[in-house]
file my_file-v4.cif (mmCIF, C-alpha atoms)
data_protein
loop_
_atom_site.label_atom_id
_atom_site.label_comp_id
_atom_site.auth_asym_id
_atom_site.auth_seq_id
_atom_site.Cartn_x
_atom_site.Cartn_y
_atom_site.Cartn_z
CA MET K 1 100.68 89.74 123.30
CA ASN K 2 103.15 92.22 124.76
CA GLY K 3 103.62 94.88 122.12
CA ARG K 4 107.23 95.42 123.20
CA SER K 5 108.42 91.79 123.21
CA LYS K 6 109.55 89.83 120.20
CA ILE K 7 107.16 87.36 118.62
CA ARG K 8 108.31 83.83 119.35
CA TYR K 9 108.25 81.58 116.31
CA GLY K 10 109.13 78.03 115.46
CA MET K 11 110.03 76.46 112.15
CA VAL K 12 109.33 73.09 110.62
CA GLY K 13 111.66 72.20 107.76
CA GLY K 14 114.33 74.61 106.57
CA GLY K 15 117.32 72.86 108.06
CA GLU K 16 120.92 72.55 106.90
CA GLY K 17 121.16 72.77 103.10
CA ALA K 18 117.62 74.07 102.57
CA PHE K 19 117.24 77.34 100.65
CA ILE K 20 113.89 78.76 101.68
CA GLY K 21 114.20 78.21 105.43
CA ALA K 22 117.22 80.51 105.56
CA VAL K 23 115.31 83.13 103.57
CA HIS K 24 112.43 83.02 106.06
CA ARG K 25 114.84 83.42 108.97
CA MET K 26 116.59 86.40 107.38
CA ALA K 27 113.25 88.03 106.63
CA ALA K 28 111.96 87.47 110.16
CA ALA K 29 115.14 88.97 111.62
CA LEU K 30 115.25 92.12 109.50
CA ASP K 31 112.88 94.21 111.62
CA SER K 32 113.74 92.59 114.97
CA GLU K 33 110.08 91.60 115.39
CA TYR K 34 110.68 87.85 115.83
CA GLU K 35 112.76 85.40 117.79
CA LEU K 36 113.29 81.82 116.59
CA VAL K 37 112.77 79.68 119.69
CA CYS K 38 112.23 76.15 118.42
CA GLY K 39 112.06 73.91 115.40
CA ALA K 40 111.93 70.51 113.79
CA PHE K 41 114.30 71.29 110.94
CA SER K 42 114.87 67.95 109.24
CA THR K 43 113.70 64.34 109.28
CA ASP K 44 117.39 63.38 109.28
CA ALA K 45 118.28 63.26 112.98
CA ASP K 46 121.90 64.36 112.56
CA ARG K 47 121.00 67.21 110.22
CA ASN K 48 118.24 68.29 112.59
CA ARG K 49 120.65 68.41 115.55
CA ARG K 50 123.27 70.31 113.58
CA SER K 51 120.67 72.78 112.36
CA ALA K 52 119.32 73.43 115.85
CA LYS K 53 122.84 73.95 117.18
CA ALA K 54 123.83 76.27 114.32
CA LEU K 55 120.68 78.33 114.89
CA ARG K 56 121.41 78.55 118.64
CA ILE K 57 118.15 76.90 119.61
CA GLU K 58 117.81 76.30 123.33
CA PRO K 59 118.68 72.69 124.26
CA GLY K 60 115.58 70.54 124.17
CA ARG K 61 113.69 72.77 121.72
CA GLY K 62 115.23 71.34 118.57
CA TYR K 63 112.58 68.65 118.29
CA PRO K 64 113.02 65.33 116.44
CA THR K 65 109.58 65.52 114.81
CA PHE K 66 106.80 67.98 114.07
CA ASP K 67 104.45 66.08 116.39
CA ALA K 68 106.96 66.34 119.23
CA LEU K 69 107.30 70.07 118.60
CA LEU K 70 103.56 70.64 118.71
CA VAL K 71 103.00 68.67 121.92
CA ALA K 72 105.97 70.14 123.80
CA GLU K 73 105.34 73.75 122.78
CA ALA K 74 101.65 73.56 123.66
CA ALA K 75 102.61 72.35 127.13
CA LEU K 76 104.87 75.33 127.87
CA PRO K 77 103.64 78.43 129.73
CA ALA K 78 101.94 80.93 127.45
CA ASP K 79 104.75 83.45 127.81
CA GLU K 80 107.39 80.90 126.72
CA ARG K 81 105.85 78.80 123.96
CA MET K 82 106.07 79.65 120.30
CA GLU K 83 103.30 81.85 118.94
CA VAL K 84 103.79 81.41 115.19
CA LEU K 85 104.82 78.35 113.19
CA ALA K 86 106.68 78.90 109.91
CA ILE K 87 106.08 75.93 107.56
CA VAL K 88 108.90 75.59 105.02
CA THR K 89 108.54 71.91 104.10
CA PRO K 90 107.72 70.21 100.79
CA ASN K 91 104.13 70.80 99.69
CA HIS K 92 102.55 67.57 100.91
CA LEU K 93 103.13 68.56 104.53
CA HIS K 94 101.67 72.07 104.31
CA ALA K 95 98.05 71.11 104.98
CA PRO K 96 98.41 68.51 107.75
CA MET K 97 100.91 70.64 109.63
CA ALA K 98 98.95 73.87 109.25
CA ILE K 99 95.69 72.26 110.37
CA ALA K 100 97.29 70.56 113.38
CA ALA K 101 99.09 73.74 114.44
CA LEU K 102 96.02 75.95 114.00
CA ASP K 103 93.94 73.51 116.05
CA ALA K 104 96.65 73.57 118.73
CA GLY K 105 96.35 77.35 118.95
CA PHE K 106 99.30 78.57 116.89
CA HIS K 107 99.37 81.15 114.09
CA ILE K 108 100.76 80.01 110.71
CA LEU K 109 103.04 81.55 108.11
CA SER K 110 103.38 78.95 105.36
CA GLU K 111 105.31 78.50 102.17
CA LYS K 112 103.25 78.26 99.00
CA PRO K 113 101.43 76.54 97.43
CA MET K 114 98.86 76.38 100.21
CA ALA K 115 98.33 72.62 99.85
CA LEU K 116 98.34 69.70 97.43
CA ASN K 117 94.84 70.47 96.16
CA LEU K 118 91.79 72.65 96.70
CA ALA K 119 90.15 70.27 99.18
CA GLU K 120 93.19 70.48 101.45
CA ALA K 121 93.26 74.27 101.10
CA GLN K 122 89.60 74.44 102.11
CA ALA K 123 90.39 72.28 105.16
CA ILE K 124 93.10 74.78 106.17
CA ALA K 125 90.62 77.63 105.75
CA ALA K 126 88.15 75.82 108.00
CA ALA K 127 90.85 75.26 110.64
CA ALA K 128 91.80 78.93 110.58
CA GLU K 129 88.15 79.90 110.94
CA ARG K 130 87.49 77.68 113.95
CA SER K 131 90.79 78.53 115.67
CA GLY K 132 90.61 82.29 115.14
CA LYS K 133 94.34 82.23 114.43
CA LEU K 134 96.15 84.16 111.72
CA TYR K 135 97.28 82.43 108.52
CA GLY K 136 99.77 83.97 106.10
CA LEU K 137 101.11 82.62 102.81
CA ALA K 138 104.49 83.42 101.28
CA PHE K 139 103.52 84.90 97.93
CA THR K 140 106.47 87.17 98.43
CA TYR K 141 106.52 89.00 95.11
CA SER K 142 103.33 90.85 95.99
CA SER K 143 105.30 92.56 98.80
CA TYR K 144 107.70 94.40 96.46
CA PRO K 145 107.33 98.20 96.66
CA LEU K 146 106.89 98.71 92.92
CA ILE K 147 104.35 95.90 92.69
CA GLU K 148 102.30 97.92 95.17
CA GLU K 149 102.87 101.03 93.04
CA ALA K 150 101.65 99.10 89.99
CA ARG K 151 98.57 97.84 91.84
CA VAL K 152 97.70 101.35 93.05
CA ARG K 153 98.03 102.85 89.56
CA VAL K 154 95.80 100.20 88.02
CA ALA K 155 93.23 100.52 90.82
CA ARG K 156 92.93 104.31 90.49
CA GLY K 157 92.39 104.03 86.75
CA ASP K 158 95.61 105.52 85.39
CA PHE K 159 95.47 103.22 82.34
CA GLY K 160 91.72 103.20 81.82
CA LYS K 161 89.81 99.95 81.61
CA ILE K 162 92.20 96.99 81.68
CA ARG K 163 92.29 94.93 78.50
CA LEU K 164 95.41 92.74 78.68
CA VAL K 165 97.22 90.95 81.52
CA GLN K 166 100.37 88.96 80.78
CA ALA K 167 102.36 87.10 83.44
CA GLU K 168 105.55 85.16 82.75
CA TYR K 169 107.81 83.18 85.08
CA SER K 170 110.80 81.66 83.33
CA GLN K 171 113.52 79.51 84.91
CA GLY K 172 116.00 77.04 83.43
CA TRP K 173 117.27 75.07 86.40
CA LEU K 174 115.29 71.90 85.56
CA SER K 175 116.43 71.74 81.94
CA ARG K 176 118.40 68.59 82.74
CA PRO K 177 117.12 65.57 84.71
CA ILE K 178 118.75 66.65 87.96
CA ASP K 179 115.69 65.34 89.83
CA ALA K 180 116.65 61.82 88.71
CA ASP K 181 120.28 62.42 89.69
CA GLY K 182 119.58 63.06 93.38
CA ASN K 183 119.23 66.85 93.53
CA LYS K 184 117.17 67.26 96.70
CA GLN K 185 115.41 70.50 95.72
CA ALA K 186 114.50 69.15 92.28
CA GLU K 187 113.60 65.65 93.40
CA TRP K 188 110.64 66.50 95.64
CA ARG K 189 109.33 69.20 93.29
CA THR K 190 108.82 66.63 90.54
CA ASP K 191 107.27 63.95 92.78
CA PRO K 192 103.45 64.02 92.61
CA ALA K 193 103.17 62.62 96.14
CA ARG K 194 105.07 65.55 97.62
CA ALA K 195 104.59 68.40 95.12
CA GLY K 196 100.91 67.90 94.34
CA LEU K 197 98.97 68.19 91.09
CA GLY K 198 101.49 70.38 89.31
CA GLY K 199 105.26 70.63 89.12
CA CYS K 200 106.20 73.92 87.48
CA LEU K 201 102.50 74.82 87.75
CA GLY K 202 102.43 74.62 91.55
CA ASP K 203 105.95 75.83 92.18
CA ILE K 204 106.10 79.02 90.10
CA GLY K 205 102.90 79.13 88.03
CA THR K 206 100.99 79.96 91.21
CA HIS K 207 103.26 82.97 91.80
CA ALA K 208 102.54 84.33 88.33
CA PHE K 209 98.80 83.78 88.72
CA GLN K 210 98.63 85.40 92.16
CA LEU K 211 100.57 88.43 90.94
CA ALA K 212 98.35 88.80 87.85
CA GLU K 213 95.14 88.89 89.88
CA HIS K 214 96.66 90.97 92.70
CA VAL K 215 97.95 93.79 90.50
CA SER K 216 95.16 93.82 87.92
CA GLY K 217 92.43 93.67 90.57
CA LEU K 218 90.59 91.29 88.24
CA ALA K 219 89.55 87.68 88.79
CA VAL K 220 90.18 85.00 86.18
CA GLU K 221 86.84 83.46 85.21
CA SER K 222 88.03 80.74 82.82
CA LEU K 223 91.16 79.43 81.16
CA SER K 224 92.49 77.24 78.38
CA ALA K 225 95.76 75.56 79.29
CA GLU K 226 98.52 73.19 78.27
CA LEU K 227 100.90 71.34 80.57
CA THR K 228 104.06 69.89 79.06
CA THR K 229 106.81 67.66 80.42
CA HIS K 230 109.90 68.17 78.27
CA VAL K 231 112.41 66.09 80.25
CA ALA K 232 111.93 62.38 79.60
CA GLY K 233 110.84 60.37 82.62
CA ARG K 234 109.79 63.37 84.67
CA ARG K 235 106.46 62.74 86.43
CA LEU K 236 105.12 66.30 86.58
CA ASP K 237 104.97 69.24 84.20
CA ASP K 238 108.00 71.44 83.72
CA ASP K 239 106.29 73.92 81.37
CA VAL K 240 102.89 75.67 81.55
CA ALA K 241 100.94 77.86 79.13
CA ALA K 242 97.44 79.26 79.70
CA LEU K 243 95.06 81.69 78.04
CA LEU K 244 93.05 83.62 80.63
CA ARG K 245 89.62 85.26 80.53
CA PHE K 246 89.16 87.87 83.25
CA ALA K 247 85.96 89.28 84.68
CA GLY K 248 85.03 92.49 82.89
CA GLY K 249 86.34 91.36 79.52
CA ALA K 250 90.12 91.56 79.91
CA ARG K 251 92.16 88.80 78.31
CA GLY K 252 95.48 87.41 79.43
CA MET K 253 98.26 84.91 79.05
CA LEU K 254 100.32 83.06 81.63
CA LYS K 255 103.56 81.33 80.79
CA ALA K 256 105.69 79.49 83.33
CA SER K 257 108.63 77.25 82.59
CA GLN K 258 111.49 75.63 84.46
CA VAL K 259 113.19 74.32 81.31
CA ALA K 260 113.97 77.69 79.67
CA ALA K 261 117.68 76.86 79.57
CA GLY K 262 119.79 79.79 80.69
CA ASP K 263 116.98 81.73 82.35
CA GLU K 264 117.38 82.54 86.05
CA ASN K 265 114.28 83.84 87.82
CA GLY K 266 112.42 85.67 85.09
CA LEU K 267 109.16 86.73 86.71
CA ARG K 268 107.64 89.46 84.57
CA LEU K 269 104.26 91.19 84.60
CA ARG K 270 102.68 93.38 81.89
CA ILE K 271 99.24 95.01 82.13
CA HIS K 272 97.63 97.21 79.46
CA GLY K 273 94.50 99.34 79.55
CA GLU K 274 92.81 101.69 77.11
CA GLU K 275 95.31 104.52 77.62
CA GLY K 276 98.59 102.78 78.45
CA GLY K 277 100.25 100.02 80.40
CA LEU K 278 102.99 98.93 82.77
CA GLU K 279 105.80 96.40 82.93
CA TRP K 280 107.72 95.05 85.93
CA SER K 281 110.47 92.42 86.14
CA GLN K 282 111.56 90.69 89.33
CA MET K 283 115.17 90.67 88.15
CA GLU K 284 115.07 94.50 87.92
CA PRO K 285 112.62 95.11 90.75
CA ASN K 286 113.44 98.75 91.45
CA SER K 287 112.08 99.98 88.11
CA LEU K 288 108.48 100.14 86.88
CA THR K 289 108.01 101.05 83.22
CA LEU K 290 104.90 102.96 82.18
CA ARG K 291 103.99 103.24 78.49
CA TRP K 292 101.38 105.58 77.03
CA LEU K 293 99.52 106.12 73.79
CA ASP K 294 100.08 109.87 73.68
CA ARG K 295 103.16 110.71 75.72
CA PRO K 296 106.71 109.46 76.33
CA THR K 297 107.48 106.29 78.20
CA GLU K 298 108.21 106.76 81.91
CA VAL K 299 110.44 104.74 84.20
CA ILE K 300 109.43 104.99 87.86
CA ARG K 301 112.19 104.21 90.33
CA ALA K 302 111.94 102.81 93.84
CA GLY K 303 112.33 105.67 96.29
CA GLY K 304 112.03 108.29 93.57
CA PRO K 305 109.51 111.12 93.35
CA GLY K 306 105.85 110.48 92.73
CA LEU K 307 105.45 107.11 94.45
CA ASP K 308 102.22 106.40 96.27
CA PRO K 309 102.52 106.30 100.10
CA LEU K 310 101.53 102.61 100.06
CA ALA K 311 104.56 101.83 97.89
CA MET K 312 106.83 104.08 99.94
CA ALA K 313 105.80 102.23 103.11
CA ARG K 314 107.31 99.04 101.65
CA LEU K 315 110.70 100.66 100.93
CA ARG K 316 113.59 100.34 103.34
CA THR K 317 116.45 102.31 101.77
CA PRO K 318 116.85 105.65 99.95
CA ALA K 319 116.59 105.80 96.15
CA GLY K 320 119.52 104.18 94.38
CA HIS K 321 120.20 101.60 97.10
CA PRO K 322 119.17 98.23 95.61
CA GLU K 323 116.75 96.13 97.57
CA GLY K 324 114.75 93.12 96.51
CA TYR K 325 113.84 89.58 97.50
CA ILE K 326 114.87 89.51 101.17
CA GLU K 327 113.35 92.93 101.84
CA ALA K 328 110.08 91.95 100.14
CA PHE K 329 110.02 88.78 102.24
CA ALA K 330 110.63 90.91 105.33
CA ASN K 331 107.70 93.14 104.36
CA LEU K 332 105.49 90.06 104.55
CA TYR K 333 106.83 89.14 108.01
CA ARG K 334 106.49 92.73 109.23
CA SER K 335 102.87 92.97 108.08
CA PHE K 336 102.11 89.62 109.67
CA ALA K 337 103.65 90.85 112.94
CA ARG K 338 101.55 94.01 112.91
CA ALA K 339 98.38 91.99 112.36
CA LEU K 340 99.32 89.71 115.27
CA ARG K 341 99.99 92.64 117.57
CA ALA K 342 96.63 94.14 116.60
CA GLY K 343 94.86 90.89 117.47
CA ALA K 344 93.64 90.32 113.89
CA ALA K 345 92.36 86.93 112.77
CA SER K 346 92.84 87.67 109.06
CA PRO K 347 94.91 89.98 106.83
CA PRO K 348 93.74 93.58 106.39
CA PRO K 349 91.88 94.34 103.16
CA ARG K 350 93.84 94.31 99.91
CA GLY K 351 95.14 97.84 99.44
CA ALA K 352 95.70 98.43 103.16
CA ALA K 353 99.20 99.46 104.18
CA ASP K 354 99.93 96.15 105.93
CA TRP K 355 98.07 93.73 103.64
CA PHE K 356 99.69 90.33 103.15
CA PRO K 357 98.61 87.16 101.31
CA GLY K 358 96.49 84.73 103.29
CA ILE K 359 93.61 82.28 103.00
CA ALA K 360 91.95 84.06 100.05
CA ASP K 361 95.11 83.98 97.93
CA GLY K 362 95.71 80.36 98.86
CA LEU K 363 92.24 79.27 97.81
CA ARG K 364 92.41 81.22 94.55
CA THR K 365 95.77 79.75 93.54
CA MET K 366 94.67 76.18 94.31
CA THR K 367 91.49 76.81 92.30
CA PHE K 368 93.76 77.91 89.44
CA VAL K 369 95.95 74.79 89.72
CA GLU K 370 92.98 72.45 89.59
CA ALA K 371 91.42 74.32 86.65
CA VAL K 372 94.68 74.14 84.67
CA VAL K 373 95.10 70.41 85.35
CA LYS K 374 91.47 69.72 84.43
CA ASN K 375 91.61 71.72 81.23
CA ALA K 376 95.00 70.42 80.10
CA SER K 377 93.96 66.79 80.62
CA GLY K 378 90.62 67.05 78.81
CA ASP K 379 89.12 68.10 75.51
CA ALA K 380 87.24 71.19 76.68
CA LYS K 381 88.49 74.45 75.19
CA TRP K 382 87.71 76.48 78.34
CA THR K 383 87.43 75.54 82.02
CA ALA K 384 85.78 77.81 84.61
CA LEU K 385 87.50 78.64 87.88
CA THR K 386 85.11 77.65 90.66
CA ASP K 387 86.01 77.50 94.35
#
call {"tool": "encode", "arguments": {"input": "my_file-v4.cif", "output": "structure tokens"}}
result
Amino acid sequence: MNGRSKIRYGMVGGGEGAFIGAVHRMAAALDSEYELVCGAFSTDADRNRRSAKALRIEPGRGYPTFDALLVAEAALPADERMEVLAIVTPNHLHAPMAIAALDAGFHILSEKPMALNLAEAQAIAAAAERSGKLYGLAFTYSSYPLIEEARVRVARGDFGKIRLVQAEYSQGWLSRPIDADGNKQAEWRTDPARAGLGGCLGDIGTHAFQLAEHVSGLAVESLSAELTTHVAGRRLDDDVAALLRFAGGARGMLKASQVAAGDENGLRLRIHGEEGGLEWSQMEPNSLTLRWLDRPTEVIRAGGPGLDPLAMARLRTPAGHPEGYIEAFANLYRSFARALRAGAASPPPRGAADWFPGIADGLRTMTFVEAVVKNASGDAKWTALTD
């Protein structure tokens, strides 16, 4: 790969009217590292054509299907074809598309969850292994600067031994049966065939779980969970609660809901050790609150004094200039680009300056989903997380 040229990427899904595809494109554009060269943006032919035209895709490279994209791009000269495929489709397509693209020699940056179930996730991991290609997963919240600051402070022992980990993700947009009324974004997320084993669990519960393990540095060993469907007729859960037992003795709670009427995007993380703790909220992402047993509470600000260099490396503007979701997403794309340019076949170690979520995070979150579903549907008090 020419270190001076832009990385050519394609996109499957994310066409006209889709939310997350536009977010991926903004993130990829922020550092001028990528160029969108092709796509299969929608299964609706007219919407696909309009999307390709609006995105200024070269004629002939707005493909009618994913299969057509893969065949045509693989046939192009190496210096013209796409190098990375961004997968921004409903969940049921993540695994088959990732595996096919990896086997065809393309790198992957996929939306989460990794797959419908753990077996599919393991098949993706095997495809990445045999292809030697890079696989990244859009657990975007772990790319926020103050999440990195929180992780660093926990890892260096600022709070002593960790005792409590609490992760909450609260939304209200599914409080009414909009999935039954034709809302496209809601409709596929509550369809088991396209969303997978969990509704709220897979959509936002996985974010909360990934963040809890990432920042605490601890692995969940077992859990006791409840899945609830509050809206009549809905086929998947819209509310999740789980007690967590972490390695080393820490205890935790995870709460995720999409029927908390009035809530917006309330992702919140709290971690407590022997000497103090921290709190971070995605809706106020530029502040990290530190609380202590024996001294006043501190509020650490993005870009302010005292931040670790690893957190500073994820900042893009001076202190007092708000930044958030798009910038965190761009951090993921930037780290992925640096790994590609370095010829890496996997993300750097957790804690490295350019770490990003990949196969390991995907497998862990799918292990979590299956453990929650198993526990919530049975009579056992605790279910172990086993890969």
call {"tool": "residues_around", "arguments": {"input": "my_file-v4.cif", "residues": "range 323-325 of chain K", "least_positions_apart": "3", "cutoff": "8 Å", "atoms": "all atoms listed in the file", "output": "list of chain:residue names"}}
result
K:Thr140, K:Tyr141, K:Tyr144, K:Pro285, K:Asn286, K:Arg316, K:Thr317, K:Ala328, K:Phe329
call {"tool": "resolve_selection", "arguments": {"input": "my_file-v4.cif", "expression": "the PyMOL selection byres ((chain K and resi 360) around 10)", "output": "PyMOL selection string"}}
result
chain K and resi 121+125+136-137+346-347+357-359+361-365
call {"tool": "write_last_selection", "arguments": {"input": "my_file-v4.cif", "atoms": "C-alpha atoms", "output": "JSON list (two decimals), keeping the file's coordinate frame"}}
result
[["chain", "number", "residue", "atom", "x", "y", "z"],
["K", 121, "ALA", "CA", 93.26, 74.27, 101.10],
["K", 125, "ALA", "CA", 90.62, 77.63, 105.75],
["K", 136, "GLY", "CA", 99.77, 83.97, 106.10],
["K", 137, "LEU", "CA", 101.11, 82.62, 102.81],
["K", 346, "SER", "CA", 92.84, 87.67, 109.06],
["K", 347, "PRO", "CA", 94.91, 89.98, 106.83],
["K", 357, "PRO", "CA", 98.61, 87.16, 101.31],
["K", 358, "GLY", "CA", 96.49, 84.73, 103.29],
["K", 359, "ILE", "CA", 93.61, 82.28, 103.00],
["K", 361, "ASP", "CA", 95.11, 83.98, 97.93],
["K", 362, "GLY", "CA", 95.71, 80.36, 98.86],
["K", 363, "LEU", "CA", 92.24, 79.27, 97.81],
["K", 364, "ARG", "CA", 92.41, 81.22, 94.55],
["K", 365, "THR", "CA", 95.77, 79.75, 93.54]]
call {"tool": "resolve_selection", "arguments": {"input": "my_file-v4.cif", "expression": "the PyMOL selection byres ((chain K and resi 300-304) around 8)", "output": "list in words"}}
result
Pro145, Leu146, Asn286, Ser287, Leu288, Thr289, Leu290, Glu298, Val299, Pro305, Gly306, Leu307, Met312, Leu315, Thr317, Pro318, Ala319 and Gly320 of chain K
call {"tool": "resolve_selection", "arguments": {"input": "my_file-v4.cif", "expression": "the PyMOL selection byres ((chain K and resi 189-195) around 9)", "output": "list in words"}}
result
Pro90, Asn91, His92, Leu93, Ala115, Leu116, Asp179, Lys184, Gln185, Ala186, Glu187, Trp188, Gly196, Leu197, Gly198, Gly199, Cys200, Gly202, Asp203, Arg234, Arg235, Leu236, Asp237 and Asp238 of chain K
call {"tool": "write_last_selection", "arguments": {"input": "my_file-v4.cif", "atoms": "C-alpha atoms", "output": "PDB file, keeping the file's coordinate frame"}}
result
ATOM      1  CA  PRO K  90     107.720  70.210 100.790  1.00  0.00           C
ATOM      2  CA  ASN K  91     104.130  70.800  99.690  1.00  0.00           C
ATOM      3  CA  HIS K  92     102.550  67.570 100.910  1.00  0.00           C
ATOM      4  CA  LEU K  93     103.130  68.560 104.530  1.00  0.00           C
ATOM      5  CA  ALA K 115      98.330  72.620  99.850  1.00  0.00           C
ATOM      6  CA  LEU K 116      98.340  69.700  97.430  1.00  0.00           C
ATOM      7  CA  ASP K 179     115.690  65.340  89.830  1.00  0.00           C
ATOM      8  CA  LYS K 184     117.170  67.260  96.700  1.00  0.00           C
ATOM      9  CA  GLN K 185     115.410  70.500  95.720  1.00  0.00           C
ATOM     10  CA  ALA K 186     114.500  69.150  92.280  1.00  0.00           C
ATOM     11  CA  GLU K 187     113.600  65.650  93.400  1.00  0.00           C
ATOM     12  CA  TRP K 188     110.640  66.500  95.640  1.00  0.00           C
ATOM     13  CA  GLY K 196     100.910  67.900  94.340  1.00  0.00           C
ATOM     14  CA  LEU K 197      98.970  68.190  91.090  1.00  0.00           C
ATOM     15  CA  GLY K 198     101.490  70.380  89.310  1.00  0.00           C
ATOM     16  CA  GLY K 199     105.260  70.630  89.120  1.00  0.00           C
ATOM     17  CA  CYS K 200     106.200  73.920  87.480  1.00  0.00           C
ATOM     18  CA  GLY K 202     102.430  74.620  91.550  1.00  0.00           C
ATOM     19  CA  ASP K 203     105.950  75.830  92.180  1.00  0.00           C
ATOM     20  CA  ARG K 234     109.790  63.370  84.670  1.00  0.00           C
ATOM     21  CA  ARG K 235     106.460  62.740  86.430  1.00  0.00           C
ATOM     22  CA  LEU K 236     105.120  66.300  86.580  1.00  0.00           C
ATOM     23  CA  ASP K 237     104.970  69.240  84.200  1.00  0.00           C
ATOM     24  CA  ASP K 238     108.000  71.440  83.720  1.00  0.00           C
TER      25      ASP K 238
END
call {"tool": "residues_near_point", "arguments": {"input": "my_file-v4.cif", "point": "(104.3, 95.5, 86.4)", "cutoff": "6 Å", "atoms": "only C-alpha atoms", "output": "CSV table (one decimal) with C-alpha atoms, keeping the file's coordinate frame"}}
result
chain,number,residue,atom,x,y,z
K,150,ALA,CA,101.6,99.1,90.0
K,269,LEU,CA,104.3,91.2,84.6
K,270,ARG,CA,102.7,93.4,81.9
K,278,LEU,CA,103.0,98.9,82.8
K,279,GLU,CA,105.8,96.4,82.9
K,280,TRP,CA,107.7,95.0,85.9
call {"tool": "atom_distance", "arguments": {"input": "my_file-v4.cif", "atom1": "CA of Met11 in chain K", "atom2": "CA of Lys112 in chain K"}}
result
14.9 Å
call {"tool": "residues_around", "arguments": {"input": "my_file-v4.cif", "residues": "range 64-73 of chain K", "least_positions_apart": "4", "cutoff": "8 Å", "atoms": "all atoms listed in the file", "output": "PDB file with C-alpha atoms, keeping the file's coordinate frame"}}
result
ATOM      1  CA  VAL K  12     109.330  73.090 110.620  1.00  0.00           C
ATOM      2  CA  CYS K  38     112.230  76.150 118.420  1.00  0.00           C
ATOM      3  CA  GLY K  39     112.060  73.910 115.400  1.00  0.00           C
ATOM      4  CA  ALA K  40     111.930  70.510 113.790  1.00  0.00           C
ATOM      5  CA  SER K  42     114.870  67.950 109.240  1.00  0.00           C
ATOM      6  CA  THR K  43     113.700  64.340 109.280  1.00  0.00           C
ATOM      7  CA  ALA K  45     118.280  63.260 112.980  1.00  0.00           C
ATOM      8  CA  ASN K  48     118.240  68.290 112.590  1.00  0.00           C
ATOM      9  CA  ARG K  81     105.850  78.800 123.960  1.00  0.00           C
ATOM     10  CA  MET K  82     106.070  79.650 120.300  1.00  0.00           C
ATOM     11  CA  MET K  97     100.910  70.640 109.630  1.00  0.00           C
ATOM     12  CA  ALA K 101      99.090  73.740 114.440  1.00  0.00           C
ATOM     13  CA  ALA K 104      96.650  73.570 118.730  1.00  0.00           C
TER      14      ALA K 104
END
call {"tool": "atom_distance", "arguments": {"input": "my_file-v4.cif", "atom1": "CA of Ser32 in chain K", "atom2": "CA of Pro59 in chain K"}}
result
22.5 Å
call {"tool": "atom_distance", "arguments": {"input": "my_file-v4.cif", "atom1": "CA of Trp382 in chain K", "atom2": "CA of Ser224 in chain K"}}
result
4.8 Å
call {"tool": "residues_around", "arguments": {"input": "my_file-v4.cif", "residues": "Ser131 in chain K", "least_positions_apart": "4", "cutoff": "8 Å", "atoms": "all atoms listed in the file", "output": "list of chain:residue names"}}
result
K:Leu102, K:Asp103, K:Gly105, K:Ala127
call {"tool": "closest_residue", "arguments": {"input": "my_file-v4.cif", "among": "K:Thr386, K:Val88, K:Arg130, K:Phe356", "to": "Val220 in chain K", "atoms": "only C-alpha atoms"}}
result
K:Thr386
call {"tool": "closest_residue", "arguments": {"input": "my_file-v4.cif", "among": "K:Gly62, K:Pro309, K:Gly182, K:Gly266", "to": "Gly205 in chain K", "atoms": "all atoms listed in the file"}}
result
K:Gly266
call {"tool": "residues_around", "arguments": {"input": "my_file-v4.cif", "residues": "range 21-23 of chain K", "least_positions_apart": "3", "cutoff": "10 Å", "atoms": "all atoms listed in the file", "output": "compact mmCIF listing (two decimals) with C-alpha atoms, in the coordinates of the input"}}
result
# COMPACT_ATOMS: atom_id res chain seq x y z
CA MET K 11 110.03 76.46 112.15
CA VAL K 12 109.33 73.09 110.62
CA GLY K 13 111.66 72.20 107.76
CA GLY K 14 114.33 74.61 106.57
CA GLY K 15 117.32 72.86 108.06
CA GLU K 16 120.92 72.55 106.90
CA GLY K 17 121.16 72.77 103.10
CA ALA K 18 117.62 74.07 102.57
CA MET K 26 116.59 86.40 107.38
CA ALA K 27 113.25 88.03 106.63
CA ALA K 28 111.96 87.47 110.16
CA ALA K 29 115.14 88.97 111.62
CA PHE K 41 114.30 71.29 110.94
CA ALA K 86 106.68 78.90 109.91
CA ILE K 87 106.08 75.93 107.56
CA VAL K 88 108.90 75.59 105.02
CA THR K 89 108.54 71.91 104.10
CA GLU K 111 105.31 78.50 102.17
CA TYR K 325 113.84 89.58 97.50
CA ILE K 326 114.87 89.51 101.17
CA PHE K 329 110.02 88.78 102.24
CA ALA K 330 110.63 90.91 105.33
call {"tool": "axis_aligned_box", "arguments": {"input": "my_file-v4.cif", "around": "range 141-147 of chain K", "padding_each_side": "5 Å", "output": "JSON"}}
result
{"center_x": 105.5, "center_y": 93.9, "center_z": 95.7, "size_x": 14.4, "size_y": 19.7, "size_z": 16.1}
call {"tool": "residues_near_point", "arguments": {"input": "my_file-v4.cif", "point": "(107.8, 77.2, 85.8)", "cutoff": "6 Å", "atoms": "all atoms listed in the file", "output": "PyMOL selection string"}}
result
chain K and resi 170+200+204-205+239+256-258
call {"tool": "closest_residue", "arguments": {"input": "my_file-v4.cif", "among": "K:Ala376, K:Tyr9, K:Leu254, K:Asp308", "to": "Tyr333 in chain K", "atoms": "all atoms listed in the file"}}
result
K:Tyr9
call {"tool": "closest_residue", "arguments": {"input": "my_file-v4.cif", "among": "K:Ala95, K:Val84, K:Ala353, K:Ala208", "to": "Leu109 in chain K", "atoms": "all atoms listed in the file"}}
result
K:Val84
